[in-house]
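run.cif, holding mmCIF, N, CA and C atoms:
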data_run
loop_
_atom_site.label_atom_id
_atom_site.label_comp_id
_atom_site.auth_asym_id
_atom_site.auth_seq_id
_atom_site.Cartn_x
_atom_site.Cartn_y
_atom_site.Cartn_z
N MET P 1 -21.01 -34.74 -19.44
CA MET P 1 -20.25 -33.55 -19.06
C MET P 1 -18.90 -33.55 -19.76
N LYS P 2 -18.24 -34.72 -19.83
CA LYS P 2 -16.95 -34.78 -20.51
C LYS P 2 -17.09 -34.39 -21.97
N LEU P 3 -18.21 -34.79 -22.59
CA LEU P 3 -18.44 -34.46 -23.99
C LEU P 3 -18.59 -32.95 -24.17
N VAL P 4 -19.33 -32.31 -23.26
CA VAL P 4 -19.51 -30.85 -23.33
C VAL P 4 -18.16 -30.16 -23.17
N SER P 5 -17.36 -30.59 -22.18
CA SER P 5 -16.05 -29.98 -21.95
C SER P 5 -15.13 -30.18 -23.14
N ALA P 6 -15.13 -31.38 -23.71
CA ALA P 6 -14.28 -31.65 -24.86
C ALA P 6 -14.70 -30.82 -26.05
N ALA P 7 -15.99 -30.73 -26.31
CA ALA P 7 -16.47 -29.95 -27.44
C ALA P 7 -16.16 -28.48 -27.26
N LEU P 8 -16.36 -27.96 -26.05
CA LEU P 8 -16.08 -26.56 -25.77
C LEU P 8 -14.59 -26.27 -25.92
N SER P 9 -13.74 -27.18 -25.46
CA SER P 9 -12.29 -27.01 -25.61
C SER P 9 -11.88 -26.96 -27.06
N LEU P 10 -12.46 -27.84 -27.89
CA LEU P 10 -12.13 -27.85 -29.32
C LEU P 10 -12.54 -26.56 -30.00
N VAL P 11 -13.73 -26.07 -29.68
CA VAL P 11 -14.21 -24.83 -30.28
C VAL P 11 -13.31 -23.67 -29.90
N LEU P 12 -12.97 -23.59 -28.62
CA LEU P 12 -12.12 -22.49 -28.15
C LEU P 12 -10.71 -22.60 -28.70
N ALA P 13 -10.15 -23.80 -28.77
CA ALA P 13 -8.80 -23.97 -29.29
C ALA P 13 -8.73 -23.54 -30.75
N SER P 14 -9.76 -23.83 -31.51
CA SER P 14 -9.74 -23.42 -32.92
C SER P 14 -9.90 -21.92 -33.07
N ALA P 15 -10.42 -21.25 -32.05
CA ALA P 15 -10.63 -19.81 -32.11
C ALA P 15 -9.44 -19.02 -31.57
N LEU P 16 -8.44 -19.68 -31.00
CA LEU P 16 -7.33 -18.97 -30.36
C LEU P 16 -6.64 -17.96 -31.26
N PRO P 17 -6.34 -18.26 -32.52
CA PRO P 17 -5.69 -17.24 -33.33
C PRO P 17 -6.53 -15.96 -33.46
N ALA P 18 -7.83 -16.11 -33.49
CA ALA P 18 -8.69 -14.94 -33.61
C ALA P 18 -8.71 -14.13 -32.32
N LEU P 19 -8.37 -14.76 -31.19
CA LEU P 19 -8.40 -14.07 -29.90
C LEU P 19 -7.10 -13.32 -29.61
N ALA P 20 -6.06 -13.60 -30.35
CA ALA P 20 -4.74 -13.08 -30.03
C ALA P 20 -4.62 -11.58 -30.31
N HIS P 21 -4.09 -10.85 -29.35
CA HIS P 21 -3.73 -9.45 -29.49
C HIS P 21 -2.93 -9.04 -28.26
N ASP P 22 -2.31 -7.87 -28.29
CA ASP P 22 -1.52 -7.41 -27.15
C ASP P 22 -2.44 -7.08 -25.97
N ILE P 23 -1.88 -7.19 -24.76
CA ILE P 23 -2.66 -6.86 -23.57
C ILE P 23 -2.84 -5.35 -23.49
N PRO P 24 -4.08 -4.90 -23.54
CA PRO P 24 -4.33 -3.46 -23.42
C PRO P 24 -3.95 -2.95 -22.03
N ALA P 25 -3.43 -1.74 -21.98
CA ALA P 25 -2.97 -1.16 -20.72
C ALA P 25 -4.09 -1.06 -19.68
N ASP P 26 -5.33 -0.88 -20.12
CA ASP P 26 -6.42 -0.70 -19.17
C ASP P 26 -6.80 -1.98 -18.41
N VAL P 27 -6.28 -3.15 -18.85
CA VAL P 27 -6.55 -4.40 -18.12
C VAL P 27 -5.28 -5.14 -17.71
N ALA P 28 -4.12 -4.66 -18.09
CA ALA P 28 -2.86 -5.36 -17.82
C ALA P 28 -2.57 -5.48 -16.32
N LYS P 29 -2.94 -4.47 -15.53
CA LYS P 29 -2.70 -4.48 -14.08
C LYS P 29 -4.02 -4.27 -13.35
N SER P 30 -4.10 -4.86 -12.14
CA SER P 30 -5.30 -4.65 -11.34
C SER P 30 -5.17 -3.34 -10.55
N PRO P 31 -6.27 -2.67 -10.32
CA PRO P 31 -7.61 -2.98 -10.82
C PRO P 31 -7.78 -2.51 -12.27
N PRO P 32 -8.55 -3.26 -13.07
CA PRO P 32 -8.76 -2.84 -14.45
C PRO P 32 -9.65 -1.60 -14.52
N ALA P 33 -9.51 -0.86 -15.60
CA ALA P 33 -10.29 0.37 -15.79
C ALA P 33 -11.72 0.03 -16.21
N GLY P 34 -12.54 1.04 -16.25
CA GLY P 34 -13.90 0.89 -16.75
C GLY P 34 -14.86 0.37 -15.70
N ALA P 35 -15.82 -0.41 -16.15
CA ALA P 35 -16.91 -0.88 -15.30
C ALA P 35 -16.54 -2.09 -14.44
N PHE P 36 -15.32 -2.61 -14.57
CA PHE P 36 -14.93 -3.79 -13.80
C PHE P 36 -14.87 -3.48 -12.31
N LYS P 37 -15.43 -4.40 -11.52
CA LYS P 37 -15.43 -4.32 -10.06
C LYS P 37 -14.82 -5.59 -9.49
N ALA P 38 -14.17 -5.48 -8.34
CA ALA P 38 -13.64 -6.66 -7.66
C ALA P 38 -14.81 -7.57 -7.30
N VAL P 39 -14.73 -8.83 -7.64
CA VAL P 39 -15.80 -9.78 -7.32
C VAL P 39 -16.03 -9.81 -5.82
N SER P 40 -14.96 -9.70 -5.04
CA SER P 40 -15.08 -9.73 -3.58
C SER P 40 -15.88 -8.56 -3.03
N SER P 41 -16.02 -7.49 -3.81
CA SER P 41 -16.84 -6.35 -3.38
C SER P 41 -18.32 -6.54 -3.76
N LEU P 42 -18.60 -7.52 -4.60
CA LEU P 42 -19.96 -7.76 -5.08
C LEU P 42 -20.65 -8.92 -4.38
N VAL P 43 -19.87 -9.95 -4.01
CA VAL P 43 -20.41 -11.15 -3.36
C VAL P 43 -19.47 -11.59 -2.26
N LYS P 44 -19.97 -12.49 -1.41
CA LYS P 44 -19.17 -12.96 -0.28
C LYS P 44 -18.16 -14.01 -0.75
N LEU P 45 -17.04 -13.55 -1.26
CA LEU P 45 -15.91 -14.38 -1.68
C LEU P 45 -14.64 -13.69 -1.23
N PRO P 46 -13.57 -14.45 -1.00
CA PRO P 46 -12.31 -13.81 -0.64
C PRO P 46 -11.77 -12.97 -1.80
N ASP P 47 -10.89 -12.04 -1.47
CA ASP P 47 -10.30 -11.17 -2.49
C ASP P 47 -9.44 -11.96 -3.47
N PHE P 48 -8.79 -13.03 -3.00
CA PHE P 48 -7.94 -13.86 -3.86
C PHE P 48 -8.40 -15.30 -3.74
N LEU P 49 -8.71 -15.92 -4.87
CA LEU P 49 -9.17 -17.30 -4.89
C LEU P 49 -8.05 -18.20 -5.40
N PRO P 50 -7.50 -19.07 -4.55
CA PRO P 50 -6.43 -19.96 -5.01
C PRO P 50 -6.87 -20.75 -6.25
N GLY P 51 -5.99 -20.78 -7.24
CA GLY P 51 -6.28 -21.44 -8.49
C GLY P 51 -6.87 -20.52 -9.55
N MET P 52 -7.38 -19.37 -9.11
CA MET P 52 -7.98 -18.41 -10.04
C MET P 52 -7.30 -17.05 -9.96
N GLY P 53 -7.11 -16.55 -8.76
CA GLY P 53 -6.51 -15.24 -8.56
C GLY P 53 -7.51 -14.24 -8.03
N GLN P 54 -7.18 -12.96 -8.17
CA GLN P 54 -8.08 -11.88 -7.79
C GLN P 54 -8.96 -11.59 -9.01
N LEU P 55 -10.28 -11.70 -8.83
CA LEU P 55 -11.20 -11.58 -9.95
C LEU P 55 -11.90 -10.23 -10.00
N PHE P 56 -12.06 -9.74 -11.23
CA PHE P 56 -12.81 -8.52 -11.51
C PHE P 56 -13.81 -8.83 -12.61
N VAL P 57 -15.00 -8.22 -12.53
CA VAL P 57 -16.03 -8.43 -13.54
C VAL P 57 -16.86 -7.15 -13.70
N ASP P 58 -17.37 -6.94 -14.89
CA ASP P 58 -18.36 -5.90 -15.11
C ASP P 58 -19.69 -6.51 -14.67
N PRO P 59 -20.32 -5.98 -13.62
CA PRO P 59 -21.56 -6.60 -13.11
C PRO P 59 -22.63 -6.79 -14.18
N ALA P 60 -22.65 -5.95 -15.19
CA ALA P 60 -23.65 -6.08 -16.27
C ALA P 60 -23.44 -7.34 -17.10
N SER P 61 -22.25 -7.95 -17.03
CA SER P 61 -21.95 -9.14 -17.83
C SER P 61 -22.24 -10.45 -17.10
N LEU P 62 -22.70 -10.37 -15.85
CA LEU P 62 -22.97 -11.59 -15.08
C LEU P 62 -24.15 -12.34 -15.66
N PRO P 63 -24.20 -13.67 -15.59
CA PRO P 63 -23.26 -14.51 -14.86
C PRO P 63 -22.05 -14.95 -15.69
N ALA P 64 -22.08 -14.82 -17.00
CA ALA P 64 -21.04 -15.42 -17.84
C ALA P 64 -19.69 -14.70 -17.76
N GLY P 65 -19.69 -13.40 -17.63
CA GLY P 65 -18.44 -12.66 -17.64
C GLY P 65 -18.16 -12.05 -18.99
N PRO P 66 -16.95 -11.63 -19.21
CA PRO P 66 -15.67 -12.16 -18.75
C PRO P 66 -15.24 -11.64 -17.37
N PHE P 67 -14.57 -12.54 -16.65
CA PHE P 67 -13.92 -12.21 -15.39
C PHE P 67 -12.43 -12.07 -15.70
N LEU P 68 -11.80 -11.03 -15.20
CA LEU P 68 -10.36 -10.85 -15.37
C LEU P 68 -9.68 -11.32 -14.09
N ALA P 69 -8.67 -12.18 -14.23
CA ALA P 69 -8.00 -12.79 -13.07
C ALA P 69 -6.55 -12.32 -12.99
N TYR P 70 -6.15 -11.88 -11.80
CA TYR P 70 -4.82 -11.30 -11.57
C TYR P 70 -4.06 -12.09 -10.51
N ASP P 71 -2.72 -12.09 -10.63
CA ASP P 71 -1.88 -12.75 -9.63
C ASP P 71 -1.66 -11.83 -8.44
N HIS P 72 -0.85 -12.26 -7.47
CA HIS P 72 -0.59 -11.48 -6.26
C HIS P 72 0.12 -10.16 -6.56
N ASP P 73 0.80 -10.06 -7.70
CA ASP P 73 1.48 -8.83 -8.08
C ASP P 73 0.60 -7.91 -8.92
N GLY P 74 -0.67 -8.29 -9.11
CA GLY P 74 -1.59 -7.47 -9.87
C GLY P 74 -1.43 -7.59 -11.38
N LYS P 75 -0.78 -8.66 -11.84
CA LYS P 75 -0.61 -8.87 -13.28
C LYS P 75 -1.68 -9.82 -13.79
N LEU P 76 -2.25 -9.50 -14.94
CA LEU P 76 -3.30 -10.32 -15.53
C LEU P 76 -2.76 -11.69 -15.92
N VAL P 77 -3.47 -12.75 -15.51
CA VAL P 77 -3.06 -14.11 -15.86
C VAL P 77 -4.09 -14.81 -16.73
N SER P 78 -5.37 -14.48 -16.57
CA SER P 78 -6.39 -15.17 -17.38
C SER P 78 -7.67 -14.35 -17.50
N THR P 79 -8.46 -14.76 -18.47
CA THR P 79 -9.83 -14.28 -18.64
C THR P 79 -10.70 -15.51 -18.45
N ILE P 80 -11.73 -15.39 -17.62
CA ILE P 80 -12.56 -16.55 -17.28
C ILE P 80 -14.02 -16.27 -17.65
N TYR P 81 -14.63 -17.25 -18.27
CA TYR P 81 -16.07 -17.22 -18.50
C TYR P 81 -16.70 -18.30 -17.64
N MET P 82 -17.88 -18.02 -17.08
CA MET P 82 -18.62 -18.98 -16.26
C MET P 82 -19.95 -19.23 -16.96
N LEU P 83 -19.98 -20.30 -17.76
CA LEU P 83 -21.13 -20.58 -18.61
C LEU P 83 -22.09 -21.55 -17.92
N PRO P 84 -23.34 -21.12 -17.68
CA PRO P 84 -24.31 -22.00 -17.01
C PRO P 84 -24.51 -23.30 -17.79
N ILE P 85 -24.46 -24.41 -17.07
CA ILE P 85 -24.64 -25.73 -17.69
C ILE P 85 -25.98 -25.80 -18.42
N LYS P 86 -27.03 -25.20 -17.84
CA LYS P 86 -28.35 -25.26 -18.48
C LYS P 86 -28.34 -24.57 -19.84
N ASP P 87 -27.38 -23.68 -20.07
CA ASP P 87 -27.31 -22.98 -21.36
C ASP P 87 -26.42 -23.68 -22.37
N LEU P 88 -25.77 -24.77 -21.98
CA LEU P 88 -24.94 -25.53 -22.92
C LEU P 88 -25.82 -26.57 -23.60
N ASN P 89 -26.57 -26.10 -24.58
CA ASN P 89 -27.52 -26.95 -25.29
C ASN P 89 -27.62 -26.47 -26.74
N PRO P 90 -28.32 -27.22 -27.58
CA PRO P 90 -28.38 -26.86 -29.01
C PRO P 90 -29.08 -25.53 -29.29
N ASP P 91 -29.87 -25.02 -28.32
CA ASP P 91 -30.61 -23.78 -28.55
C ASP P 91 -29.87 -22.52 -28.13
N LYS P 92 -28.70 -22.67 -27.54
CA LYS P 92 -27.96 -21.51 -27.02
C LYS P 92 -26.55 -21.52 -27.59
N ARG P 93 -26.06 -20.36 -27.95
CA ARG P 93 -24.69 -20.23 -28.46
C ARG P 93 -23.94 -19.17 -27.66
N PHE P 94 -22.66 -19.39 -27.52
CA PHE P 94 -21.77 -18.41 -26.91
C PHE P 94 -20.76 -18.02 -27.99
N ASP P 95 -21.13 -17.08 -28.83
CA ASP P 95 -20.28 -16.64 -29.93
C ASP P 95 -19.43 -15.46 -29.48
N ASP P 96 -18.29 -15.34 -30.10
CA ASP P 96 -17.44 -14.17 -29.90
C ASP P 96 -17.04 -13.95 -28.45
N LEU P 97 -16.63 -15.03 -27.77
CA LEU P 97 -16.11 -14.86 -26.42
C LEU P 97 -14.81 -14.06 -26.53
N ALA P 98 -14.84 -12.85 -26.05
CA ALA P 98 -13.70 -11.95 -26.18
C ALA P 98 -12.58 -12.34 -25.23
N SER P 99 -11.39 -11.93 -25.58
CA SER P 99 -10.23 -12.12 -24.74
C SER P 99 -9.66 -10.74 -24.41
N PRO P 100 -10.29 -10.03 -23.47
CA PRO P 100 -9.82 -8.67 -23.17
C PRO P 100 -8.37 -8.63 -22.71
N GLY P 101 -7.84 -9.77 -22.25
CA GLY P 101 -6.48 -9.82 -21.77
C GLY P 101 -5.43 -10.10 -22.82
N GLY P 102 -5.82 -10.24 -24.07
CA GLY P 102 -4.82 -10.41 -25.13
C GLY P 102 -4.57 -11.84 -25.52
N ASN P 103 -3.30 -12.13 -25.85
CA ASN P 103 -2.91 -13.45 -26.36
C ASN P 103 -3.33 -14.56 -25.41
N VAL P 104 -3.80 -15.66 -25.97
CA VAL P 104 -4.21 -16.82 -25.20
C VAL P 104 -3.17 -17.91 -25.42
N ASP P 105 -2.54 -18.35 -24.33
CA ASP P 105 -1.53 -19.41 -24.41
C ASP P 105 -2.18 -20.79 -24.46
N HIS P 106 -3.18 -21.00 -23.61
CA HIS P 106 -3.89 -22.28 -23.58
C HIS P 106 -5.24 -22.07 -22.89
N VAL P 107 -6.11 -23.08 -22.97
CA VAL P 107 -7.47 -22.99 -22.44
C VAL P 107 -7.71 -24.16 -21.49
N SER P 108 -8.37 -23.87 -20.37
CA SER P 108 -8.83 -24.90 -19.44
C SER P 108 -10.35 -24.80 -19.32
N VAL P 109 -11.02 -25.95 -19.27
CA VAL P 109 -12.47 -25.99 -19.09
C VAL P 109 -12.76 -26.99 -17.97
N TYR P 110 -13.53 -26.55 -16.97
CA TYR P 110 -13.88 -27.48 -15.89
C TYR P 110 -15.22 -27.10 -15.28
N TYR P 111 -15.84 -28.10 -14.66
CA TYR P 111 -17.17 -27.97 -14.05
C TYR P 111 -17.06 -27.33 -12.68
N ASN P 112 -18.08 -26.51 -12.33
CA ASN P 112 -18.20 -25.95 -10.99
C ASN P 112 -19.67 -26.08 -10.59
N ALA P 113 -19.92 -26.59 -9.39
CA ALA P 113 -21.29 -26.82 -8.91
C ALA P 113 -22.00 -25.53 -8.52
N GLY P 114 -21.28 -24.44 -8.43
CA GLY P 114 -21.86 -23.16 -8.05
C GLY P 114 -21.15 -22.56 -6.85
N HIS P 115 -21.22 -21.25 -6.73
CA HIS P 115 -20.58 -20.51 -5.64
C HIS P 115 -21.24 -19.15 -5.56
N PRO P 116 -20.97 -18.37 -4.51
CA PRO P 116 -21.57 -17.04 -4.42
C PRO P 116 -21.28 -16.23 -5.69
N GLY P 117 -22.32 -15.62 -6.22
CA GLY P 117 -22.20 -14.82 -7.43
C GLY P 117 -22.67 -15.56 -8.67
N VAL P 118 -22.34 -16.85 -8.76
CA VAL P 118 -22.81 -17.72 -9.85
C VAL P 118 -23.23 -19.03 -9.17
N GLU P 119 -24.42 -19.02 -8.61
CA GLU P 119 -24.87 -20.12 -7.76
C GLU P 119 -25.20 -21.40 -8.52
N GLU P 120 -25.64 -21.27 -9.76
CA GLU P 120 -26.05 -22.46 -10.51
C GLU P 120 -24.83 -23.19 -11.08
N PRO P 121 -24.96 -24.50 -11.33
CA PRO P 121 -23.85 -25.25 -11.93
C PRO P 121 -23.42 -24.61 -13.25
N HIS P 122 -22.11 -24.56 -13.45
CA HIS P 122 -21.59 -23.90 -14.65
C HIS P 122 -20.23 -24.48 -15.02
N ALA P 123 -19.78 -24.15 -16.20
CA ALA P 123 -18.45 -24.53 -16.67
C ALA P 123 -17.56 -23.30 -16.62
N HIS P 124 -16.38 -23.45 -16.03
CA HIS P 124 -15.37 -22.39 -16.09
C HIS P 124 -14.57 -22.59 -17.36
N VAL P 125 -14.53 -21.57 -18.19
CA VAL P 125 -13.72 -21.59 -19.40
C VAL P 125 -12.62 -20.56 -19.15
N VAL P 126 -11.39 -21.04 -18.98
CA VAL P 126 -10.28 -20.18 -18.59
C VAL P 126 -9.36 -19.99 -19.80
N LEU P 127 -9.25 -18.75 -20.25
CA LEU P 127 -8.34 -18.38 -21.32
C LEU P 127 -7.06 -17.87 -20.65
N TRP P 128 -6.04 -18.71 -20.60
CA TRP P 128 -4.80 -18.37 -19.90
C TRP P 128 -3.92 -17.48 -20.78
N HIS P 129 -3.50 -16.36 -20.21
CA HIS P 129 -2.61 -15.43 -20.91
C HIS P 129 -1.15 -15.68 -20.56
N VAL P 130 -0.92 -16.69 -19.74
CA VAL P 130 0.44 -17.06 -19.31
C VAL P 130 0.68 -18.53 -19.67
N ALA P 131 1.94 -18.92 -19.70
CA ALA P 131 2.30 -20.31 -19.97
C ALA P 131 1.78 -21.21 -18.86
N LYS P 132 1.60 -22.48 -19.16
CA LYS P 132 1.09 -23.46 -18.20
C LYS P 132 1.88 -23.42 -16.88
N ALA P 133 3.19 -23.34 -16.97
CA ALA P 133 4.02 -23.30 -15.76
C ALA P 133 3.73 -22.07 -14.90
N ASP P 134 3.29 -20.99 -15.52
CA ASP P 134 3.00 -19.76 -14.78
C ASP P 134 1.64 -19.75 -14.11
N GLU P 135 0.84 -20.79 -14.32
CA GLU P 135 -0.42 -20.90 -13.58
C GLU P 135 -0.16 -20.92 -12.07
N ALA P 136 1.05 -21.33 -11.69
CA ALA P 136 1.43 -21.38 -10.27
C ALA P 136 1.34 -20.00 -9.61
N ARG P 137 1.36 -18.94 -10.41
CA ARG P 137 1.27 -17.58 -9.86
C ARG P 137 -0.06 -17.34 -9.14
N VAL P 138 -1.08 -18.16 -9.43
CA VAL P 138 -2.36 -18.02 -8.74
C VAL P 138 -2.74 -19.26 -7.95
N ALA P 139 -1.82 -20.22 -7.85
CA ALA P 139 -2.13 -21.48 -7.15
C ALA P 139 -2.43 -21.28 -5.68
N LYS P 140 -1.74 -20.34 -5.04
CA LYS P 140 -1.92 -20.13 -3.59
C LYS P 140 -2.19 -18.67 -3.31
#
Show how you would write the structure in this file as structure tokens.
Amino acid sequence: MKLVSAALSLVLASALPALAHDIPADVAKSPPAGAFKAVSSLVKLPDFLPGMGQLFVDPASLPAGPFLAYDHDGKLVSTIYMLPIKDLNPDKRFDDLASPGGNVDHVSVYYNAGHPGVEEPHAHVVLWHVAKADEARVAK
């Protein structure tokens, strides 16, 4: 698992310049425009998840996402992908992971055993649009 996380982090870190752009107005504040729906309206999860924020996703993009994560003030803090562990193998690729939220400051990758909406074990790939210190905006 550590090898998968390390490899995924390296791939994403090398792609950061390609992901950089300004935050589009349609996703800068919650709720985002378009097909995005609050995750809490789709599955049994709280409206705000400590450590992640308030999540929105286009249901057609499940299970991987992207999920847009907002702080308590409705400002976008990250874009999250939830990649099934079973799909992290030589036969599957996740190319062109978009960053609808704009510039990426840093990336976090961690394992999740599953939860409502994405029940199978998966890796959270978090593209942070804020500085590391500002992650605290979604800590509680």
Point to revise | Shell of 10 Å around Leu68 of chain P, only C-alpha atoms, local chain residues under 3 positions omitted, as a list in words | key: Val27, Ala28, Ser30, Pro31, Pro32, Phe36, Lys37, Ala38, Val39, Met52, Gly53, Gln54, Leu55, Phe56, Val57, Asp58, Gly65, Leu76, Val77, Ser78, Thr79, Ile80, Tyr81, Ser99, Pro100, Gly101, Val126 and Leu127 of chain P
**Study point:** d(atom CA of Val109 of chain P, atom CA of Val125 of chain P) in Å
**Key:**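 According to the coordinates, atom CA of Val109 of chain P and atom CA of Val125 of chain P are separated by 4.6 Å.
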Practice item. Evaluate the PyMOL selection byres ((chain P and resi 102) around 8) on the structure here and hand back the selected residues as a ChimeraX atom specification. Key: /P:19-24,78-79,98-101,103-105,128-129
Check your understanding: From the list P:Pro66, P:Gly74, P:Pro116, P:Pro84, which residue is nearest Leu42 of chain P when using only C-alpha atoms?
Key -> P:Pro116
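Atom C of Gly34 of chain P is positioned 19.4 Å from atom C of Asp71 of chain P.
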Exercise for review: For atom C of Val118 of chain P and atom N of Ile85 of chain P, quote the distance in Å rounded to one decimal.
Suggested key: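 Separation of atom C of Val118 of chain P and atom N of Ile85 of chain P: 9.6 Å.
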Around segment 80-88 of chain P, with edges along x, y and z and 5 Å added on all six sides, what centre and edge lengths do you get, in Å to one decimal, as JSON?
{"center_x": -20.0, "center_y": -21.0, "center_z": -19.9, "size_x": 26.6, "size_y": 21.2, "size_z": 17.3}
Exercise for review: May I have all residues of segment 30-102 of chain P that DSSP, computed from the backbone, assigns to alpha helix (DSSP H), given as JSON, numbers by chain?
Suggested key: {"P": [39, 40, 41, 42]}
Review point. Using only N, CA and C atoms, which of P:Gly114, P:Gly51, P:Pro59, P:Pro121 sits nearest Lys86 of chain P?
Key: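 Checking each candidate against Lys86 of chain P, we get P:Pro121 as the closest.
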